[in-house]
Every structure is written in structure tokens, then in C-alpha cells.
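Source file: final25.cif; contents: mmCIF, C-alpha atoms.
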```cif
data_input
loop_
_atom_site.label_atom_id
_atom_site.label_comp_id
_atom_site.auth_asym_id
_atom_site.auth_seq_id
_atom_site.Cartn_x
_atom_site.Cartn_y
_atom_site.Cartn_z
CA MET A 5 -3.78 -7.75 32.57
CA ARG A 6 -1.24 -5.34 34.02
CA TYR A 7 -3.05 -5.41 37.35
CA TRP A 8 -2.51 -9.16 37.72
CA ALA A 9 1.16 -8.91 36.82
CA PHE A 10 1.66 -6.21 39.46
CA ALA A 11 -0.25 -8.19 42.10
CA SER A 12 1.87 -11.25 41.42
CA LEU A 13 5.08 -9.28 41.87
CA VAL A 14 3.84 -7.83 45.16
CA LEU A 15 2.94 -11.26 46.52
CA LEU A 16 6.34 -12.66 45.60
CA ALA A 17 8.10 -9.78 47.36
CA ILE A 18 6.42 -10.46 50.73
CA PRO A 19 8.79 -12.45 52.99
CA ALA A 20 7.57 -15.83 54.16
CA GLN A 21 7.55 -14.96 57.85
CA ALA A 22 4.80 -17.40 58.72
CA ALA A 23 6.87 -20.47 57.87
CA ALA A 24 8.08 -22.35 60.94
CA THR A 25 11.58 -23.81 61.05
CA THR A 26 12.72 -26.69 63.23
CA VAL A 27 15.99 -25.83 64.97
CA THR A 28 18.03 -27.22 67.83
CA ALA A 29 17.73 -25.09 70.95
CA THR A 30 19.26 -24.96 74.39
CA TRP A 31 18.86 -22.62 77.33
CA TYR A 32 21.00 -20.64 79.73
CA GLY A 33 20.12 -19.21 83.08
CA ASN A 34 21.31 -18.06 86.46
CA GLU A 35 25.03 -18.40 85.74
CA LEU A 36 24.78 -15.36 83.44
CA ALA A 37 22.30 -13.31 85.51
CA GLY A 38 23.30 -9.66 85.65
CA ASN A 39 25.75 -9.87 82.74
CA ARG A 40 25.21 -7.64 79.71
CA THR A 41 23.73 -9.17 76.58
CA ALA A 42 25.09 -8.31 73.13
CA ASN A 43 22.55 -5.51 72.76
CA GLY A 44 23.65 -3.97 76.08
CA GLU A 45 20.76 -4.84 78.38
CA VAL A 46 21.19 -6.73 81.63
CA PHE A 47 20.37 -10.44 81.24
CA ASN A 48 17.35 -11.60 83.23
CA PRO A 49 17.19 -15.42 83.31
CA ASN A 50 13.46 -15.25 84.08
CA GLY A 51 12.74 -13.06 81.06
CA LEU A 52 11.35 -14.27 77.76
CA THR A 53 14.41 -13.65 75.61
CA ALA A 54 16.66 -15.55 73.21
CA ALA A 55 20.07 -15.46 71.58
CA HIS A 56 20.45 -15.99 67.83
CA ARG A 57 23.53 -15.62 65.66
CA SER A 58 22.09 -13.42 62.93
CA LEU A 59 18.51 -12.24 63.54
CA PRO A 60 18.26 -8.53 64.35
CA PHE A 61 17.93 -7.51 67.99
CA GLY A 62 14.28 -7.04 68.91
CA THR A 63 13.04 -9.76 66.54
CA CYS A 64 9.98 -11.49 67.99
CA LEU A 65 9.98 -15.28 67.70
CA ARG A 66 7.34 -17.83 68.58
CA VAL A 67 9.14 -20.90 69.87
CA SER A 68 7.18 -24.15 70.30
CA ASN A 69 8.14 -27.37 72.03
CA PRO A 70 6.75 -30.29 69.98
CA LYS A 71 7.03 -32.61 73.00
CA THR A 72 4.70 -30.53 75.17
CA GLY A 73 2.74 -28.54 72.59
CA LYS A 74 3.50 -25.33 74.49
CA SER A 75 4.78 -22.17 72.85
CA VAL A 76 6.12 -18.80 73.96
CA LYS A 77 6.97 -15.48 72.36
CA VAL A 78 10.58 -14.39 72.91
CA ARG A 79 12.61 -11.36 71.88
CA VAL A 80 16.12 -11.69 70.45
CA ASN A 81 18.48 -9.64 72.64
CA ASP A 82 21.76 -11.56 72.47
CA ARG A 83 24.14 -13.33 70.10
CA GLY A 84 24.81 -17.03 70.15
CA PRO A 85 24.71 -19.92 70.60
CA PHE A 86 28.29 -20.71 69.78
CA THR A 87 27.96 -24.50 70.04
CA LYS A 88 28.04 -26.35 66.72
CA GLY A 89 24.62 -27.62 65.72
CA VAL A 90 22.69 -25.41 68.15
CA HIS A 91 20.76 -22.53 66.56
CA LEU A 92 18.89 -20.86 69.42
CA ASP A 93 19.61 -20.12 73.10
CA LEU A 94 16.55 -19.46 75.24
CA SER A 95 16.51 -17.78 78.63
CA ALA A 96 15.63 -20.11 81.51
CA GLY A 97 12.23 -18.40 81.79
CA ALA A 98 11.39 -19.10 78.14
CA ALA A 99 12.60 -22.71 78.39
CA ARG A 100 10.51 -23.22 81.54
CA ALA A 101 7.43 -21.75 79.81
CA ILE A 102 7.53 -24.41 77.08
CA GLY A 103 8.62 -27.29 79.31
CA MET A 104 12.11 -27.59 77.84
CA ARG A 105 14.65 -29.28 80.09
CA SER A 106 17.61 -30.00 77.82
CA THR A 107 18.93 -29.35 74.33
CA GLN A 108 16.21 -30.37 71.90
CA PRO A 109 14.50 -29.55 68.60
CA VAL A 110 11.95 -26.73 68.72
CA SER A 111 9.80 -25.01 66.14
CA MET A 112 10.71 -21.36 65.58
CA LYS A 113 8.95 -18.70 63.52
CA ARG A 114 8.75 -14.92 63.51
CA CYS A 115 5.77 -13.41 65.33
#
```
The structure in this file should be written as C-alpha cells.
Amino acid sequence: MRYWAFASLVLLAIPAQAAATTVTATWYGNELAGNRTANGEVFNPNGLTAAHRSLPFGTCLRVSNPKTGKSVKVRVNDRGPFTKGVHLDLSAGAARAIGMRSTQPVSMKRC
């Protein structure tokens, strides 16, 4: 009996990382090439990176475009977006990889 109680507690303590969330995303590109990101690295618009307001730097995200069915893994290396209602900024390379051309809803989950 104690074994089951312990197993239940362990399962409840595991974060639900596999759950996908639909968020509004946009992208940024060449206008910021060469600038430093919030974590100090040089921004590469062709890289597979993203900006998020609160996720830790280095967090791996799988971002999917429901319109195209394509997805890409990105790494959080910057802070933002700072536009109301937008939750994720993708590099131009990541946006291109999933066929994203404008601000739109995407599916986001941790890798």
C-alpha cells in the first residue's frame, strides 16, 4: 500500500512538459543581425533561436505551424517579445523553417 502512495506522489511531481500550448508568435530578422541577445550571444537571424519573456535561457522548444504542419526545435536565447498579445519571437531562420510569414498562432512545447 505504501508503494502505491509513493508512486502516486512521484507521478504528480513530474512537470507536464509534453503538453503543447498555442501561443501567438512573430519573428525578427536581419534588422537585428549582429546585436547581442539578452544572454550575451550575437544574434544570428538564420539560427534556430527564440525570445521568450520568462523561460530560462537554453530552454529547447518545439514550435509547430498548424497551417503548414511543419515544426522546428529552437533554443531560447533572448527576452521578448514586448508586444501585447505576442508570446514568442522566432528568428527568421526558425520562422522560415516552419513556413511562417507573419504573426500567427503556433503550437509550442518543451523538447
Inset, instruction - Could you tell me which residues the PyMOL selection byres ((chain A and resi 76) around 12) returns for this structure, as a ChimeraX atom specification? - result: /A:51-54,64-69,72-75,77-79,94-95,97-104,110-115
Legend entry - Shortest interatomic distance to Ser106 (chain A) - which of A:Lys71, A:Arg83, A:Val46, A:Thr26, counting all atoms listed in the file: A:Lys71
Inset, instruction - Step by step, work through what the PyMOL selection byres ((chain A and resi 61) around 6) selects in the shown file, and finish by giving those residues as a ChimeraX atom specification. - result: /A:60,62-63,80-81
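With only C-alpha atoms as the atoms that count, the residue of A:Gly38, A:Pro49, A:Gly44, A:His56 with the shortest distance to Thr87 (chain A) is A:His56.
Put simply, CA of Asn50 (chain A) is 27.5 Å away from CA of Ala23 (chain A).
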Inset, instruction - Could you check which of A:Pro70, A:Asn48, A:Thr107, A:Trp31 is closest to Gly84 (chain A), using all atoms listed in the file? - result: A:Trp31
Inset, instruction - Taking the file above as input, evaluate the PyMOL selection byres ((chain A and resi 90) around 8) and report the hits as a PyMOL selection string. - result: chain A and resi 27-30+85-89+91-93
Legend entry - Atomic separation - CA of Ala55 (chain A) relative to CA of Thr41 (chain A), Å: 8.8 Å
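Atom pair CA of Gln108 (chain A) / CA of Glu45 (chain A) has a distance of 26.7 Å (rounded to one decimal).
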Generate the missing atoms of region 78-89 of chain A up to all heavy atoms and report them as a short mmCIF file (atom, residue, chain, number, x, y, z; two decimals), in the coordinates of the input.
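What ended up in rebuild-v1.cif:
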```cif
data_model
loop_
_atom_site.label_atom_id
_atom_site.label_comp_id
_atom_site.auth_asym_id
_atom_site.auth_seq_id
_atom_site.Cartn_x
_atom_site.Cartn_y
_atom_site.Cartn_z
N VAL A 78 9.32 -14.90 72.34
CA VAL A 78 10.58 -14.39 72.91
C VAL A 78 11.10 -13.26 72.02
O VAL A 78 10.73 -13.15 70.85
CB VAL A 78 11.65 -15.50 73.05
CG1 VAL A 78 11.20 -16.59 74.00
CG2 VAL A 78 12.02 -16.09 71.70
N ARG A 79 11.97 -12.46 72.60
CA ARG A 79 12.61 -11.36 71.88
C ARG A 79 14.10 -11.62 71.81
O ARG A 79 14.73 -11.93 72.82
CB ARG A 79 12.33 -10.04 72.62
CG ARG A 79 12.92 -8.81 71.99
CD ARG A 79 12.52 -7.56 72.77
NE ARG A 79 12.75 -7.69 74.21
CZ ARG A 79 13.90 -7.43 74.81
NH1 ARG A 79 14.95 -7.05 74.11
NH2 ARG A 79 14.03 -7.57 76.12
N VAL A 80 14.69 -11.50 70.62
CA VAL A 80 16.12 -11.69 70.45
C VAL A 80 16.85 -10.48 71.03
O VAL A 80 16.61 -9.35 70.61
CB VAL A 80 16.50 -11.88 68.96
CG1 VAL A 80 18.01 -11.94 68.79
CG2 VAL A 80 15.83 -13.12 68.39
N ASN A 81 17.73 -10.74 72.03
CA ASN A 81 18.48 -9.64 72.64
C ASN A 81 19.96 -9.99 72.82
O ASN A 81 20.69 -9.24 73.44
CB ASN A 81 17.87 -9.24 73.99
CG ASN A 81 18.12 -10.27 75.07
OD1 ASN A 81 18.37 -11.43 74.80
ND2 ASN A 81 18.05 -9.83 76.31
N ASP A 82 20.38 -11.13 72.27
CA ASP A 82 21.76 -11.56 72.47
C ASP A 82 22.24 -12.34 71.25
O ASP A 82 21.44 -12.74 70.41
CB ASP A 82 21.85 -12.43 73.73
CG ASP A 82 23.23 -12.44 74.37
OD1 ASP A 82 24.14 -11.77 73.85
OD2 ASP A 82 23.39 -13.11 75.40
N ARG A 83 23.54 -12.54 71.17
CA ARG A 83 24.14 -13.33 70.10
C ARG A 83 24.53 -14.70 70.63
O ARG A 83 24.87 -14.86 71.80
CB ARG A 83 25.38 -12.63 69.53
CG ARG A 83 25.04 -11.40 68.73
CD ARG A 83 24.29 -11.77 67.46
NE ARG A 83 23.81 -10.58 66.78
CZ ARG A 83 22.56 -10.43 66.39
NH1 ARG A 83 21.66 -11.34 66.61
NH2 ARG A 83 22.20 -9.33 65.76
N GLY A 84 24.50 -15.67 69.78
CA GLY A 84 24.81 -17.03 70.15
C GLY A 84 23.74 -17.92 69.57
O GLY A 84 22.88 -17.44 68.83
N PRO A 85 23.72 -19.14 69.85
CA PRO A 85 24.71 -19.92 70.60
C PRO A 85 25.96 -20.15 69.77
O PRO A 85 25.94 -20.04 68.55
CB PRO A 85 23.98 -21.21 70.90
CG PRO A 85 22.99 -21.35 69.79
CD PRO A 85 22.60 -19.96 69.40
N PHE A 86 27.02 -20.49 70.45
CA PHE A 86 28.29 -20.71 69.78
C PHE A 86 28.70 -22.18 69.82
O PHE A 86 29.85 -22.51 69.62
CB PHE A 86 29.35 -19.80 70.38
CG PHE A 86 28.97 -18.35 70.25
CD1 PHE A 86 28.56 -17.62 71.34
CD2 PHE A 86 28.99 -17.74 69.01
CE1 PHE A 86 28.18 -16.28 71.20
CE2 PHE A 86 28.62 -16.41 68.85
CZ PHE A 86 28.21 -15.68 69.96
N THR A 87 27.75 -23.05 70.06
CA THR A 87 27.96 -24.50 70.04
C THR A 87 27.51 -25.02 68.69
O THR A 87 26.42 -24.70 68.22
CB THR A 87 27.13 -25.17 71.16
OG1 THR A 87 27.47 -24.60 72.40
CG2 THR A 87 27.35 -26.67 71.18
N LYS A 88 28.36 -25.81 68.04
CA LYS A 88 28.04 -26.35 66.72
C LYS A 88 26.75 -27.15 66.77
O LYS A 88 26.54 -27.96 67.68
CB LYS A 88 29.19 -27.23 66.24
CG LYS A 88 29.01 -27.73 64.82
CD LYS A 88 30.21 -28.51 64.36
CE LYS A 88 29.99 -28.97 62.94
NZ LYS A 88 31.15 -29.66 62.40
N GLY A 89 25.88 -26.89 65.82
CA GLY A 89 24.62 -27.62 65.72
C GLY A 89 23.48 -27.05 66.53
O GLY A 89 22.36 -27.50 66.41
#
```
